[in-house]
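Report on one structure; see the data block that follows.
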Amino acid sequence: MEVFLMKQILSWFFITLLVSGCQSNPPKEKSLPSSSGISTATAKSSEPKLCEKCVTLGNRASLKKALVIGNSQYEHQGLNNPVNDATDMANLLADDMGFHVIRALNLDYGEMKKVIDDFRELLASTPDKSEEKVGLFYYSGHGARSNQDKNYLLPINNGKIRGNYELRRQAIQVKSEIVAPLEKANNGVNIIVADACRDNPYEGSGKGSNKRGLIPISPSSATPQKMGAVVAFAASAGEVADDGTQRNGLYTKHLLAKMKELKHERIESVFKKVYEPVVRESNQEQHPSYASSLTTDYCVGGCQ
């Protein structure tokens, strides 16, 4: 009997030790100071959280930031090349142009809104050196123009979009949700490029609709505090951007080539020289457009 009681007491004792060990708090890691004087814990917590479909490329310390989105896997009217377009553009910007790039593929509406908001916050928190700071937004996928002549970029969950009402609530408006916020967040150079306006972007859009192609947008005028922006579209109003029969869409294929060839020339020259090969290869059916308010010479690979 005494032996039995002693075994029970020892069992309770060991169980108590195990329970108290599980409940004890682990020792806290000490934050090591970084070269900037900010602890690593603080630095990590201040970094923007990426969406699940986001990948970062290039030098995080670069003052040149880019958000690159490619949407191919649409509920209605899937596309072949936007994922390739975005992948190739992101690699070019990160590897050859010195950008810190966030690449995001096949985003639904909520994911698109969040990654664009996160990019705006990233730009706003980047050190304000206007002569070096660049914000570049690139999109490849479906785009549409409303009856009010507002431009929209479509997320992959476009299956319930039927017209203007759904566009306003289930797609991203270019001027108010991309161009204006980026101009507000970044006093340096801003570049917005949309290889959009593919044919039949939502159900019903191809049935007697004459609202094809994004209407040109003029960026805000530059000021002594702001260096201006460029807004470029793959096609003009009333036109459709060719998705392409090779790896890339027609516009992005030539844009990538000209960015490599003319990386030390002004960005306006790049867009000008994309125009002719796109028009020629499309048999005069696609005319790229751009508008610029830049007050400085900007070259994607550095001006020489």
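How things are named: the first chain in the structure tokens is A, the next is B, and so on; residues count from 1 in each chain; ligands count from 1 in the order shown.
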
Report as CSV the residues of stretch 224-304 of chain A within 8 Å of stretch 186-197 of chain A, each with its shortest atom pair and distance in Å (one decimal), using only C-alpha atoms, ordered by chain and increasing residue number.
```
residue,atom,partner,partner_atom,distance
A:Gln225,CA,A:Asn187,CA,6.5
A:Lys226,CA,A:Asn187,CA,4.5
A:Met227,CA,A:Gly188,CA,5.2
A:Gly228,CA,A:Val189,CA,5.8
A:Ala229,CA,A:Asn190,CA,4.5
A:Val230,CA,A:Ile191,CA,4.8
A:Val231,CA,A:Ile192,CA,4.8
A:Ala232,CA,A:Val193,CA,4.8
A:Phe233,CA,A:Ala194,CA,5.0
A:Ala234,CA,A:Asp195,CA,4.8
A:Ala235,CA,A:Cys197,CA,7.4
A:Glu239,CA,A:Cys197,CA,7.6
A:Val240,CA,A:Cys197,CA,5.3
A:Ala241,CA,A:Cys197,CA,5.4
A:Gly249,CA,A:Asp195,CA,7.9
A:Tyr251,CA,A:Asp195,CA,6.7
A:Thr252,CA,A:Asp195,CA,6.8
A:Leu294,CA,A:Val189,CA,7.3
A:Tyr298,CA,A:Val189,CA,7.8
```

Sorted by chain and rising residue number, list the residues of stretch 68-93 of chain A at most 7 Å from stretch 128-146 of chain A (counting only C-alpha atoms), each with its closest atom pair and distance in Å to one decimal, as CSV.
```
residue,atom,partner,partner_atom,distance
A:Val68,CA,A:Tyr138,CA,4.8
A:Ile69,CA,A:Tyr139,CA,4.8
A:Gly70,CA,A:Ser140,CA,4.8
A:Asn71,CA,A:Gly141,CA,4.9
A:Ser72,CA,A:Gly141,CA,6.3
A:Pro82,CA,A:Ser140,CA,4.9
A:Asp85,CA,A:Ser140,CA,6.6
A:Ala86,CA,A:Ser140,CA,6.6
```

Please produce a file of those selected residues containing N, CA, C and O atoms, as a short mmCIF file (atom, residue, chain, number, x, y, z; two decimals), in the first residue's frame.
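New file result00.cif:
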```
data_model
loop_
_atom_site.label_atom_id
_atom_site.label_comp_id
_atom_site.auth_asym_id
_atom_site.auth_seq_id
_atom_site.Cartn_x
_atom_site.Cartn_y
_atom_site.Cartn_z
N VAL A 68 4.00 45.17 -60.27
CA VAL A 68 3.73 44.55 -61.57
C VAL A 68 2.65 43.49 -61.38
O VAL A 68 2.84 42.55 -60.60
N ILE A 69 1.53 43.66 -62.06
CA ILE A 69 0.38 42.75 -61.94
C ILE A 69 0.07 42.12 -63.29
O ILE A 69 0.01 42.83 -64.31
N GLY A 70 -0.15 40.81 -63.29
CA GLY A 70 -0.58 40.12 -64.50
C GLY A 70 -1.76 39.22 -64.20
O GLY A 70 -1.66 38.33 -63.35
N ASN A 71 -2.89 39.44 -64.86
CA ASN A 71 -4.10 38.63 -64.66
C ASN A 71 -4.43 37.85 -65.92
O ASN A 71 -4.72 38.44 -66.96
N SER A 72 -4.40 36.54 -65.82
CA SER A 72 -4.72 35.67 -66.95
C SER A 72 -5.92 34.75 -66.69
O SER A 72 -6.74 34.52 -67.57
N PRO A 82 -0.91 37.62 -70.09
CA PRO A 82 -0.61 38.59 -69.03
C PRO A 82 0.35 38.09 -67.94
O PRO A 82 1.18 38.86 -67.46
N ASP A 85 3.66 38.41 -69.46
CA ASP A 85 4.00 39.83 -69.56
C ASP A 85 4.53 40.36 -68.23
O ASP A 85 5.56 41.04 -68.16
N ALA A 86 3.77 40.06 -67.15
CA ALA A 86 4.15 40.57 -65.83
C ALA A 86 5.45 39.94 -65.34
O ALA A 86 6.31 40.63 -64.75
#
```

Step one, run DSSP on the backbone; step two, keep only residues of stretch 167-227 of chain A assigned to alpha helix (DSSP H); then write them as a ChimeraX atom specification.
/A:167-170,174,180-185

Neighbour list for A:Ala94 as a PyMOL selection string, cut-off 9 Å, only C-alpha atoms, skip fewer than 3 positions in-chain:
chain A and resi 57-59+66+89-91+97-101

Using only N, CA, C and O atoms, please write the residues we just selected to a file, as a CSV table (one decimal), in the first residue's frame.
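New file out-v6.csv:
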```
chain,number,residue,atom,x,y,z
A,57,LEU,N,11.3,41.1,-55.8
A,57,LEU,CA,12.5,40.9,-56.6
A,57,LEU,C,13.3,42.2,-56.5
A,57,LEU,O,12.8,43.2,-56.3
A,58,GLY,N,14.6,42.0,-56.7
A,58,GLY,CA,15.5,43.2,-56.7
A,58,GLY,C,15.9,43.6,-55.4
A,58,GLY,O,15.7,43.0,-54.4
A,59,ASN,N,16.5,44.8,-55.3
A,59,ASN,CA,17.1,45.4,-54.1
A,59,ASN,C,16.0,46.2,-53.3
A,59,ASN,O,15.5,47.2,-53.8
A,66,ALA,N,8.5,49.3,-57.9
A,66,ALA,CA,7.6,48.9,-59.0
A,66,ALA,C,6.6,47.8,-58.5
A,66,ALA,O,6.9,46.9,-57.7
A,89,MET,N,8.3,41.6,-67.4
A,89,MET,CA,8.5,42.9,-67.0
A,89,MET,C,9.2,43.0,-65.6
A,89,MET,O,10.1,43.8,-65.4
A,90,ALA,N,8.7,42.2,-64.7
A,90,ALA,CA,9.3,42.3,-63.3
A,90,ALA,C,10.7,41.9,-63.3
A,90,ALA,O,11.6,42.5,-62.6
A,91,ASN,N,11.1,40.9,-64.1
A,91,ASN,CA,12.5,40.4,-64.1
A,91,ASN,C,13.4,41.5,-64.8
A,91,ASN,O,14.5,41.8,-64.3
A,97,MET,N,17.3,47.1,-64.4
A,97,MET,CA,16.9,48.5,-64.2
A,97,MET,C,17.1,49.0,-62.7
A,97,MET,O,16.8,50.1,-62.4
A,98,GLY,N,17.4,48.1,-61.8
A,98,GLY,CA,17.7,48.5,-60.4
A,98,GLY,C,16.5,48.7,-59.6
A,98,GLY,O,16.5,49.4,-58.6
A,99,PHE,N,15.3,48.2,-59.9
A,99,PHE,CA,14.1,48.4,-59.2
A,99,PHE,C,13.9,47.4,-58.1
A,99,PHE,O,14.3,46.2,-58.2
A,100,HIS,N,13.3,47.8,-57.0
A,100,HIS,CA,12.7,46.9,-56.1
A,100,HIS,C,11.3,46.6,-56.5
A,100,HIS,O,10.4,47.5,-56.6
A,101,VAL,N,11.0,45.3,-56.9
A,101,VAL,CA,9.7,45.0,-57.6
A,101,VAL,C,8.9,44.1,-56.7
A,101,VAL,O,9.3,43.1,-56.1
```

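The shortest atom-to-atom distance to A:Met112, with only C-alpha atoms taken into account, belongs to A:Lys53 out of A:Lys53, A:Lys253, A:Arg198, A:Arg266.
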
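Going from atom CA of A:Glu268 over to atom CA of A:Thr296, you cover 11.0 Å.
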
Restricting to only C-alpha atoms, whichever of A:Lys184, A:Ile116, A:Glu203, A:Val274 is closest to A:Arg162 is A:Glu203

Would you please work out which residue, of A:Pro288, A:Pro219, A:Gly110, A:Gly213, is nearest to A:Pro155 when using only C-alpha atoms?
A:Gly110

Of the residues A:Cys54, A:Leu255, A:Gly244, A:Glu285, which is the one nearest to A:Val115, using only C-alpha atoms?
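For A:Val115, the nearest of the candidates is A:Cys54.
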
Distance query A:Asn80 at most 9 Å, only C-alpha atoms, self and fewer than 3 positions along chain excluded, as a compact mmCIF listing (two decimals) with all heavy atoms, in the first residue's frame:
```txt
# COMPACT_ATOMS: atom_id res chain seq x y z
N SER A 72 -4.40 36.54 -65.82
CA SER A 72 -4.72 35.67 -66.95
C SER A 72 -5.92 34.75 -66.69
O SER A 72 -6.74 34.52 -67.57
CB SER A 72 -3.51 34.78 -67.31
OG SER A 72 -2.47 35.52 -67.91
N GLN A 73 -6.03 34.23 -65.47
CA GLN A 73 -7.00 33.18 -65.16
C GLN A 73 -8.37 33.78 -64.80
O GLN A 73 -8.85 33.67 -63.67
CB GLN A 73 -6.48 32.30 -64.04
CG GLN A 73 -5.21 31.54 -64.42
CD GLN A 73 -4.62 30.75 -63.28
OE1 GLN A 73 -5.14 30.72 -62.16
NE2 GLN A 73 -3.50 30.08 -63.52
N VAL A 83 0.26 36.83 -67.55
CA VAL A 83 1.20 36.31 -66.55
C VAL A 83 2.62 36.34 -67.10
O VAL A 83 3.58 36.70 -66.39
CB VAL A 83 0.80 34.89 -66.10
CG1 VAL A 83 1.96 34.19 -65.40
CG2 VAL A 83 -0.41 34.95 -65.16
N ASN A 84 2.79 35.98 -68.37
CA ASN A 84 4.11 36.07 -68.99
C ASN A 84 4.58 37.52 -69.08
O ASN A 84 5.76 37.83 -68.83
CB ASN A 84 4.08 35.47 -70.40
CG ASN A 84 3.74 34.00 -70.41
OD1 ASN A 84 3.99 33.30 -69.43
ND2 ASN A 84 3.17 33.53 -71.50
N ASP A 243 -3.68 40.28 -77.49
CA ASP A 243 -3.08 39.42 -76.48
C ASP A 243 -1.82 38.73 -77.00
O ASP A 243 -1.01 38.25 -76.22
CB ASP A 243 -4.10 38.37 -76.03
CG ASP A 243 -3.67 37.62 -74.77
OD1 ASP A 243 -2.97 38.22 -73.93
OD2 ASP A 243 -4.02 36.45 -74.63
N GLY A 244 -1.65 38.70 -78.29
CA GLY A 244 -0.42 38.14 -78.87
C GLY A 244 -0.53 36.65 -79.12
O GLY A 244 -1.25 35.92 -78.44
N THR A 245 0.24 36.16 -80.09
CA THR A 245 0.26 34.73 -80.43
C THR A 245 1.56 34.08 -79.97
O THR A 245 1.73 32.87 -80.15
CB THR A 245 0.13 34.55 -81.96
OG1 THR A 245 1.19 35.26 -82.61
CG2 THR A 245 -1.21 35.08 -82.45
N ARG A 247 4.86 34.61 -76.75
CA ARG A 247 4.93 34.60 -75.29
C ARG A 247 4.26 35.82 -74.67
O ARG A 247 3.62 35.72 -73.61
CB ARG A 247 6.39 34.52 -74.83
CG ARG A 247 6.53 34.63 -73.31
CD ARG A 247 7.96 34.45 -72.82
NE ARG A 247 8.06 34.75 -71.40
CZ ARG A 247 7.74 33.90 -70.43
NH1 ARG A 247 7.28 32.72 -70.73
NH2 ARG A 247 7.86 34.25 -69.15
N ASN A 248 4.37 36.97 -75.31
CA ASN A 248 3.87 38.23 -74.74
C ASN A 248 2.78 38.84 -75.60
O ASN A 248 2.67 38.56 -76.78
CB ASN A 248 5.02 39.24 -74.60
CG ASN A 248 6.12 38.76 -73.68
OD1 ASN A 248 7.25 38.52 -74.11
ND2 ASN A 248 5.81 38.60 -72.40
N GLY A 249 1.99 39.73 -74.96
CA GLY A 249 1.06 40.55 -75.71
C GLY A 249 1.82 41.43 -76.67
O GLY A 249 3.01 41.72 -76.48
```

Secondary structure check, strand (DSSP E or B) residues of stretch 50-262 of chain A, as a compact mmCIF listing (two decimals) with N, CA, C and O atoms, in the first residue's frame:
```
# COMPACT_ATOMS: atom_id res chain seq x y z
N CYS A 54 2.11 37.42 -53.97
CA CYS A 54 3.15 38.41 -54.28
C CYS A 54 4.53 37.82 -54.11
O CYS A 54 4.78 37.00 -53.23
N VAL A 55 5.43 38.26 -54.97
CA VAL A 55 6.85 37.90 -54.90
C VAL A 55 7.65 39.18 -55.00
O VAL A 55 7.32 40.06 -55.81
N THR A 56 8.68 39.32 -54.17
CA THR A 56 9.54 40.50 -54.25
C THR A 56 10.82 40.15 -55.00
O THR A 56 11.39 39.08 -54.82
N LEU A 57 11.26 41.08 -55.82
CA LEU A 57 12.47 40.91 -56.62
C LEU A 57 13.33 42.16 -56.50
O LEU A 57 12.82 43.25 -56.26
N LYS A 64 13.74 53.08 -56.24
CA LYS A 64 12.88 52.84 -57.41
C LYS A 64 12.00 51.63 -57.10
O LYS A 64 12.49 50.51 -56.98
N LYS A 65 10.71 51.86 -56.96
CA LYS A 65 9.76 50.82 -56.56
C LYS A 65 8.81 50.52 -57.72
O LYS A 65 8.36 51.44 -58.42
N ALA A 66 8.48 49.26 -57.91
CA ALA A 66 7.56 48.87 -58.98
C ALA A 66 6.56 47.84 -58.48
O ALA A 66 6.93 46.92 -57.73
N LEU A 67 5.32 48.00 -58.89
CA LEU A 67 4.28 46.99 -58.68
C LEU A 67 3.88 46.47 -60.06
O LEU A 67 3.47 47.25 -60.92
N VAL A 68 4.00 45.17 -60.27
CA VAL A 68 3.73 44.55 -61.57
C VAL A 68 2.65 43.49 -61.38
O VAL A 68 2.84 42.55 -60.60
N ILE A 69 1.53 43.66 -62.06
CA ILE A 69 0.38 42.75 -61.94
C ILE A 69 0.07 42.12 -63.29
O ILE A 69 0.01 42.83 -64.31
N GLY A 70 -0.15 40.81 -63.29
CA GLY A 70 -0.58 40.12 -64.50
C GLY A 70 -1.76 39.22 -64.20
O GLY A 70 -1.66 38.33 -63.35
N HIS A 100 13.25 47.77 -57.03
CA HIS A 100 12.67 46.86 -56.05
C HIS A 100 11.26 46.58 -56.54
O HIS A 100 10.43 47.48 -56.61
N VAL A 101 10.97 45.32 -56.89
CA VAL A 101 9.73 44.97 -57.58
C VAL A 101 8.86 44.07 -56.72
O VAL A 101 9.35 43.12 -56.10
N ILE A 102 7.56 44.37 -56.71
CA ILE A 102 6.56 43.46 -56.17
C ILE A 102 5.77 42.93 -57.36
O ILE A 102 5.15 43.70 -58.09
N ARG A 103 5.82 41.62 -57.57
CA ARG A 103 5.10 40.99 -58.68
C ARG A 103 3.92 40.20 -58.12
O ARG A 103 4.07 39.42 -57.18
N ALA A 104 2.75 40.41 -58.71
CA ALA A 104 1.54 39.74 -58.24
C ALA A 104 0.76 39.21 -59.43
O ALA A 104 0.51 39.95 -60.40
N LEU A 105 0.35 37.94 -59.37
CA LEU A 105 -0.29 37.30 -60.50
C LEU A 105 -1.68 36.78 -60.14
O LEU A 105 -1.88 36.25 -59.04
N VAL A 134 11.26 56.72 -57.61
CA VAL A 134 10.42 56.37 -58.76
C VAL A 134 9.36 55.38 -58.30
O VAL A 134 9.64 54.44 -57.56
N GLY A 135 8.12 55.62 -58.74
CA GLY A 135 7.05 54.66 -58.52
C GLY A 135 6.53 54.20 -59.88
O GLY A 135 6.06 55.01 -60.67
N LEU A 136 6.64 52.89 -60.16
CA LEU A 136 6.21 52.37 -61.46
C LEU A 136 5.13 51.31 -61.25
O LEU A 136 5.33 50.35 -60.49
N PHE A 137 4.00 51.49 -61.91
CA PHE A 137 2.91 50.52 -61.87
C PHE A 137 2.72 49.96 -63.27
O PHE A 137 2.54 50.71 -64.23
N TYR A 138 2.76 48.63 -63.37
CA TYR A 138 2.53 47.96 -64.66
C TYR A 138 1.43 46.92 -64.49
O TYR A 138 1.42 46.16 -63.52
N TYR A 139 0.52 46.88 -65.47
CA TYR A 139 -0.60 45.93 -65.43
C TYR A 139 -0.79 45.32 -66.80
O TYR A 139 -0.76 46.02 -67.82
N SER A 140 -1.02 44.01 -66.81
CA SER A 140 -1.41 43.32 -68.03
C SER A 140 -2.63 42.46 -67.72
O SER A 140 -2.62 41.69 -66.74
N GLY A 143 -9.08 45.15 -69.38
CA GLY A 143 -9.44 46.50 -69.00
C GLY A 143 -10.74 46.87 -69.69
O GLY A 143 -11.11 46.27 -70.70
N ALA A 144 -11.46 47.85 -69.13
CA ALA A 144 -12.75 48.23 -69.72
C ALA A 144 -13.00 49.71 -69.47
O ALA A 144 -12.49 50.29 -68.51
N ARG A 145 -13.84 50.28 -70.34
CA ARG A 145 -14.24 51.67 -70.18
C ARG A 145 -15.74 51.73 -69.94
O ARG A 145 -16.52 51.11 -70.65
N ASN A 151 -11.92 54.53 -66.86
CA ASN A 151 -11.13 53.33 -67.18
C ASN A 151 -11.04 52.41 -65.96
O ASN A 151 -10.80 52.87 -64.84
N TYR A 152 -11.19 51.11 -66.21
CA TYR A 152 -11.12 50.13 -65.13
C TYR A 152 -10.20 48.97 -65.53
O TYR A 152 -10.16 48.56 -66.69
N LEU A 153 -9.49 48.44 -64.52
CA LEU A 153 -8.71 47.22 -64.66
C LEU A 153 -9.46 46.12 -63.94
O LEU A 153 -9.91 46.30 -62.81
N ILE A 172 -11.07 48.03 -60.65
CA ILE A 172 -10.20 49.09 -60.14
C ILE A 172 -10.19 50.25 -61.13
O ILE A 172 -9.78 50.08 -62.29
N GLN A 173 -10.62 51.44 -60.68
CA GLN A 173 -10.61 52.59 -61.56
C GLN A 173 -9.20 53.16 -61.67
O GLN A 173 -8.53 53.40 -60.66
N VAL A 189 9.31 60.66 -59.72
CA VAL A 189 8.75 60.25 -61.01
C VAL A 189 7.75 59.11 -60.80
O VAL A 189 8.03 58.15 -60.09
N ASN A 190 6.58 59.21 -61.45
CA ASN A 190 5.59 58.13 -61.44
C ASN A 190 5.33 57.68 -62.87
O ASN A 190 5.19 58.51 -63.78
N ILE A 191 5.29 56.36 -63.07
CA ILE A 191 5.04 55.78 -64.39
C ILE A 191 3.93 54.75 -64.25
O ILE A 191 4.02 53.83 -63.43
N ILE A 192 2.87 54.90 -65.03
CA ILE A 192 1.73 53.97 -65.00
C ILE A 192 1.55 53.41 -66.40
O ILE A 192 1.36 54.17 -67.36
N VAL A 193 1.62 52.09 -66.53
CA VAL A 193 1.52 51.43 -67.83
C VAL A 193 0.44 50.35 -67.75
O VAL A 193 0.47 49.50 -66.85
N ALA A 194 -0.51 50.36 -68.70
CA ALA A 194 -1.56 49.35 -68.74
C ALA A 194 -1.62 48.72 -70.12
O ALA A 194 -1.97 49.38 -71.09
N ASP A 195 -1.26 47.44 -70.19
CA ASP A 195 -1.45 46.66 -71.41
C ASP A 195 -2.78 45.94 -71.23
O ASP A 195 -2.83 44.74 -70.92
N THR A 223 4.59 70.20 -60.30
CA THR A 223 4.76 71.41 -59.49
C THR A 223 6.23 71.46 -59.05
O THR A 223 6.98 70.51 -59.27
N LYS A 226 6.67 68.40 -57.11
CA LYS A 226 6.40 67.10 -57.74
C LYS A 226 7.01 67.08 -59.14
O LYS A 226 6.87 68.02 -59.91
N ALA A 229 4.43 62.74 -63.97
CA ALA A 229 4.13 61.33 -64.22
C ALA A 229 3.96 61.08 -65.71
O ALA A 229 3.79 62.00 -66.51
N VAL A 230 4.01 59.79 -66.06
CA VAL A 230 3.69 59.32 -67.40
C VAL A 230 2.61 58.26 -67.28
O VAL A 230 2.72 57.36 -66.44
N VAL A 231 1.57 58.36 -68.10
CA VAL A 231 0.52 57.33 -68.15
C VAL A 231 0.48 56.79 -69.57
O VAL A 231 0.24 57.54 -70.52
N ALA A 232 0.72 55.47 -69.72
CA ALA A 232 0.81 54.85 -71.05
C ALA A 232 -0.17 53.69 -71.16
O ALA A 232 -0.27 52.86 -70.26
N PHE A 233 -0.89 53.63 -72.29
CA PHE A 233 -1.83 52.56 -72.57
C PHE A 233 -1.42 51.84 -73.85
O PHE A 233 -0.87 52.44 -74.78
```

Find the spatial neighbours of A:Cys303, counting only C-alpha atoms, within a cut-off of 7 Å - ignore same-chain residues fewer than 3 positions away - and output them as a list in words.
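Answer for this query is His264, Glu265, Tyr298 and Cys299 of chain A.
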
Saved selection, atoms kept: N, CA, C and O atoms, as a short mmCIF file (atom, residue, chain, number, x, y, z; two decimals), in the first residue's frame:
```cif
data_model
loop_
_atom_site.label_atom_id
_atom_site.label_comp_id
_atom_site.auth_asym_id
_atom_site.auth_seq_id
_atom_site.Cartn_x
_atom_site.Cartn_y
_atom_site.Cartn_z
N HIS A 264 18.83 53.95 -71.61
CA HIS A 264 19.52 55.18 -71.23
C HIS A 264 18.94 56.41 -71.93
O HIS A 264 19.52 57.49 -71.86
N GLU A 265 17.81 56.23 -72.61
CA GLU A 265 17.12 57.37 -73.22
C GLU A 265 15.89 57.73 -72.40
O GLU A 265 15.40 56.93 -71.60
N TYR A 298 14.00 61.46 -67.39
CA TYR A 298 14.07 60.20 -66.66
C TYR A 298 14.28 59.06 -67.62
O TYR A 298 13.58 58.94 -68.64
N CYS A 299 15.26 58.21 -67.31
CA CYS A 299 15.59 57.03 -68.13
C CYS A 299 15.57 55.81 -67.21
O CYS A 299 16.14 55.85 -66.12
#
```

Quick one: of A:Asn81, A:Gln148, A:Ser205, A:Ser289, who's nearest to A:Asp242, counting only C-alpha atoms?
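Ranking A:Asn81, A:Gln148, A:Ser205, A:Ser289 by distance to A:Asp242, first place goes to A:Asn81.
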